[in-house]
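Right, one structure below, let's go through it.
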Amino acid sequence: MNTVAPLIDTAAIRSEFPILATSTEDGRPLIYLDNAATSQKPRAVIDAIRHYYEHDNANVHRGLYDLSRRATEAYEGARDRIARFIGAAFADEVIWVRGATEGINLVAHSWGGANLKRGDEIVLSVLEHHSNIVPWQLIAERTGAVVRFVDIDEQGRIRLDELRAVLASGHARIVAIGHVSNAIGTIHPVQEIARLAHEAGALLVVDGAQGAPHLKIDVQALGCDFYALSGHKMCGPMGIGALWGRRELLDAMPPYMGGGEMIDYVGTDGSTFKTSPHRFEAGTPNVGGAIGLAAAADYLDGIGHDALWSHEQELTRYGLEVLGGTDGITIFGPHDAAERTAVFSFALEGVHPHDVATIVDVEGVAVRAGHHCCQPLMRRLGVPATTRASCYLYNTTTEIDALARALERARAVFR
Ligand code: 7TS
């Protein structure tokens, strides 16, 4: 039977985000369209963090007293929750990190440091965020490996024919790719890329910073080997994220950072280490952050991923039509809504992206202008920067209309 996913009740959703009821300095309602940078937080997440600090705060694992046991239970319970959120087979495949950036650095330095050698290839796309480029360049420099870039087509989709050609060298050990582009919204065909990477004998690392907030994630179905996400982009707090990796890979990887919590034994002649995930979690962890992120997973699962997706697709179609229909605007990325998220990165003819963002700000609309940490992509698109409006579950078509009106004004000012 064909069931139609219920659309989101945006008014109800918006009422759960206290910040959306605030206004700009000059009294305009906040129109927040910078969700690719960070999302706003629902009351459920704020309350979970507050509850933790008011009732359960203690350092984890080390204490034999009741409070520490409670903190440890909540912390490890949050790990279980995130494992379920992303479809992991085992909770101990989830490592707490500060965010996607730290997750990717962990894989590059730990796995890469132990396994890469001169002449090995690390394959990226030109769409990647700097967080999924620079860690690979650093480890390549240390090991003698080479970083290769796969191009995109005119709609900002990865060229699978080129990926196949690059993989045909037989030297690729790692393919690292974003699930969704932060700059232009392209959704990569991760399953297909996983198949190609594995056929070529390479591992697939997915930068899920923009995937986890918007798509139902099932790391096993995706077929990847590592998946990194940032809590703050999916309604969770800043400073917490997760790295998922296949257990057999993690267990064979050396520690990334050394310190307390990650050791079995420390002697003056050397140390031995715990198994994953604790091997990779040196020092006092962000317990409150982990609990907040688990609350965000509850929140998003409670809304339902079908509802989330259909609402965001409606915004995508609407934005492509309304913004794309504005004179002088070129929107980058796929033309078909089904291949992208509601991230509208555009050029307004004759107006610098920073000027666009400044004029739009005067109208109370928060968008971002710049290279979006994607300098290779900007060069590929032939622009110094873009203006970017990025939507999330609480955004509405009315807000996209407000942006369109603000852009008309920007055009009028610069005409
Ligand atoms: N990967 C992608 C695809 C991202 O969009 C970002 C952040 C990161 C990695 C890094 O995430 P972090 O949480 O570790 O910093 N992207 C953006 C953005 O588009 N605007 O500000 C941050």
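Scheme for the structure tokens: letters A, B, ... for chains in order shown; per-chain residue numbers from 1; ligand numbers from 1 in order shown.
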Would you mind listing the residues within 10 Å of ligand 1, counting only C-alpha atoms and all ligand atoms, as an MDAnalysis selection string? chainID A and resid 34:38 97:105 127:133 177:185 206:211 228:233 238:241 343 368:374 388 390
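If you count only C-alpha atoms and ignore residues fewer than 2 places along the chain from A:Thr326, what sits within 10 Å of it is Leu320, Glu321, Val322, Leu323, Gly324, Gly328, Ile329, Thr330, Leu348, Ala404, Arg405, Leu407, Glu408 and Arg411 of chain A.
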Using all heavy atoms, can you write the selected residues to a file as a tab-separated table (two decimals), in the first residue's frame?
chain	number	residue	atom	x	y	z
A	320	LEU	N	13.90	26.12	-5.23
A	320	LEU	CA	14.45	26.06	-6.59
A	320	LEU	C	13.57	26.87	-7.54
A	320	LEU	O	14.06	27.58	-8.42
A	320	LEU	CB	14.55	24.61	-7.07
A	320	LEU	CG	15.64	23.75	-6.42
A	320	LEU	CD1	15.55	22.30	-6.92
A	320	LEU	CD2	17.03	24.31	-6.70
A	321	GLU	N	12.25	26.78	-7.31
A	321	GLU	CA	11.33	27.47	-8.20
A	321	GLU	C	11.34	28.98	-7.94
A	321	GLU	O	11.53	29.78	-8.86
A	321	GLU	CB	9.93	26.90	-7.97
A	321	GLU	CG	8.94	27.29	-9.03
A	321	GLU	CD	7.55	26.77	-8.66
A	321	GLU	OE1	7.42	25.60	-8.23
A	321	GLU	OE2	6.59	27.57	-8.78
A	322	VAL	N	11.18	29.37	-6.69
A	322	VAL	CA	11.01	30.79	-6.36
A	322	VAL	C	12.33	31.55	-6.47
A	322	VAL	O	12.40	32.61	-7.10
A	322	VAL	CB	10.40	30.94	-4.94
A	322	VAL	CG1	10.43	32.39	-4.49
A	322	VAL	CG2	8.98	30.41	-4.95
A	323	LEU	N	13.40	31.01	-5.85
A	323	LEU	CA	14.69	31.70	-5.91
A	323	LEU	C	15.26	31.58	-7.32
A	323	LEU	O	15.78	32.54	-7.88
A	323	LEU	CB	15.66	31.13	-4.88
A	323	LEU	CG	15.19	31.19	-3.41
A	323	LEU	CD1	16.15	30.44	-2.52
A	323	LEU	CD2	15.03	32.63	-2.95
A	324	GLY	N	15.13	30.37	-7.88
A	324	GLY	CA	15.65	30.14	-9.24
A	324	GLY	C	14.92	31.00	-10.27
A	324	GLY	O	15.46	31.31	-11.33
A	328	GLY	N	18.38	37.15	-12.61
A	328	GLY	CA	19.79	37.33	-12.32
A	328	GLY	C	20.38	36.33	-11.35
A	328	GLY	O	21.56	36.41	-11.01
A	329	ILE	N	19.57	35.37	-10.89
A	329	ILE	CA	20.09	34.40	-9.91
A	329	ILE	C	20.44	33.07	-10.57
A	329	ILE	O	19.67	32.55	-11.38
A	329	ILE	CB	19.06	34.15	-8.78
A	329	ILE	CG1	19.09	35.33	-7.81
A	329	ILE	CG2	19.35	32.85	-8.04
A	329	ILE	CD1	18.46	35.05	-6.50
A	330	THR	N	21.62	32.56	-10.25
A	330	THR	CA	22.00	31.21	-10.67
A	330	THR	C	22.16	30.38	-9.41
A	330	THR	O	22.98	30.73	-8.54
A	330	THR	CB	23.36	31.22	-11.40
A	330	THR	OG1	23.29	32.20	-12.45
A	330	THR	CG2	23.69	29.86	-11.97
A	348	LEU	N	24.21	36.14	-7.51
A	348	LEU	CA	23.28	37.17	-7.97
A	348	LEU	C	24.08	38.08	-8.88
A	348	LEU	O	25.06	38.70	-8.44
A	348	LEU	CB	22.69	37.94	-6.78
A	348	LEU	CG	21.68	39.06	-7.08
A	348	LEU	CD1	20.50	38.54	-7.89
A	348	LEU	CD2	21.17	39.66	-5.77
A	404	ALA	N	13.41	35.78	-1.00
A	404	ALA	CA	13.25	36.19	-2.41
A	404	ALA	C	12.99	37.69	-2.50
A	404	ALA	O	13.57	38.38	-3.34
A	404	ALA	CB	12.12	35.39	-3.06
A	405	ARG	N	12.15	38.22	-1.60
A	405	ARG	CA	11.87	39.66	-1.60
A	405	ARG	C	13.13	40.46	-1.28
A	405	ARG	O	13.43	41.48	-1.89
A	405	ARG	CB	10.78	40.00	-0.57
A	405	ARG	CG	9.35	39.76	-1.07
A	405	ARG	CD	8.33	40.45	-0.17
A	405	ARG	NE	8.47	40.11	1.24
A	405	ARG	CZ	7.93	39.01	1.80
A	405	ARG	NH1	7.20	38.19	1.09
A	405	ARG	NH2	8.11	38.77	3.08
A	407	LEU	N	16.12	39.58	-1.87
A	407	LEU	CA	17.03	39.52	-3.01
A	407	LEU	C	16.60	40.50	-4.09
A	407	LEU	O	17.44	41.11	-4.76
A	407	LEU	CB	17.08	38.09	-3.58
A	407	LEU	CG	17.74	37.06	-2.65
A	407	LEU	CD1	17.62	35.66	-3.24
A	407	LEU	CD2	19.20	37.41	-2.41
A	408	GLU	N	15.30	40.67	-4.26
A	408	GLU	CA	14.80	41.68	-5.22
A	408	GLU	C	15.32	43.06	-4.80
A	408	GLU	O	15.74	43.86	-5.62
A	408	GLU	CB	13.26	41.71	-5.24
A	408	GLU	CG	12.61	40.47	-5.85
A	408	GLU	CD	12.80	40.36	-7.36
A	408	GLU	OE1	13.45	41.25	-7.94
A	408	GLU	OE2	12.32	39.37	-7.94
A	411	ARG	N	18.94	43.48	-5.62
A	411	ARG	CA	19.11	43.76	-7.05
A	411	ARG	C	18.80	45.21	-7.35
A	411	ARG	O	19.52	45.87	-8.10
A	411	ARG	CB	18.15	42.86	-7.86
A	411	ARG	CG	18.85	41.67	-8.48
A	411	ARG	CD	17.83	40.78	-9.11
A	411	ARG	NE	17.23	41.39	-10.30
A	411	ARG	CZ	17.85	41.50	-11.47
A	411	ARG	NH1	19.06	41.03	-11.61
A	411	ARG	NH2	17.25	42.05	-12.50
With distances taken over only C-alpha atoms, which residue among A:Ser345, A:Ser15, A:Thr186, A:Thr22 lies nearest A:Ile331? A:Ser345
Within stretch 1-167 of chain A, find each residue whose DSSP state, derived from the backbone, is helix (DSSP H, G or I), and express the selection as number ranges by chain. A: 10-15, 18-21, 43-56, 66-85, 91-93, 100-115, 130-132, 134-143, 160-167
Compile the contact shell of A:Trp96 as JSON, numbers by chain: residues with an atom at most 12 Å away, counting only C-alpha atoms, same-chain residues fewer than 6 positions apart removed. {"A": [75, 76, 78, 79, 80, 82, 83, 102, 103, 106, 228, 229, 230, 231, 239, 240, 241, 242, 243, 244, 245, 276, 277, 278, 279, 280, 281, 282, 283, 284, 285, 286, 287, 288, 289, 290, 291, 293, 294]}
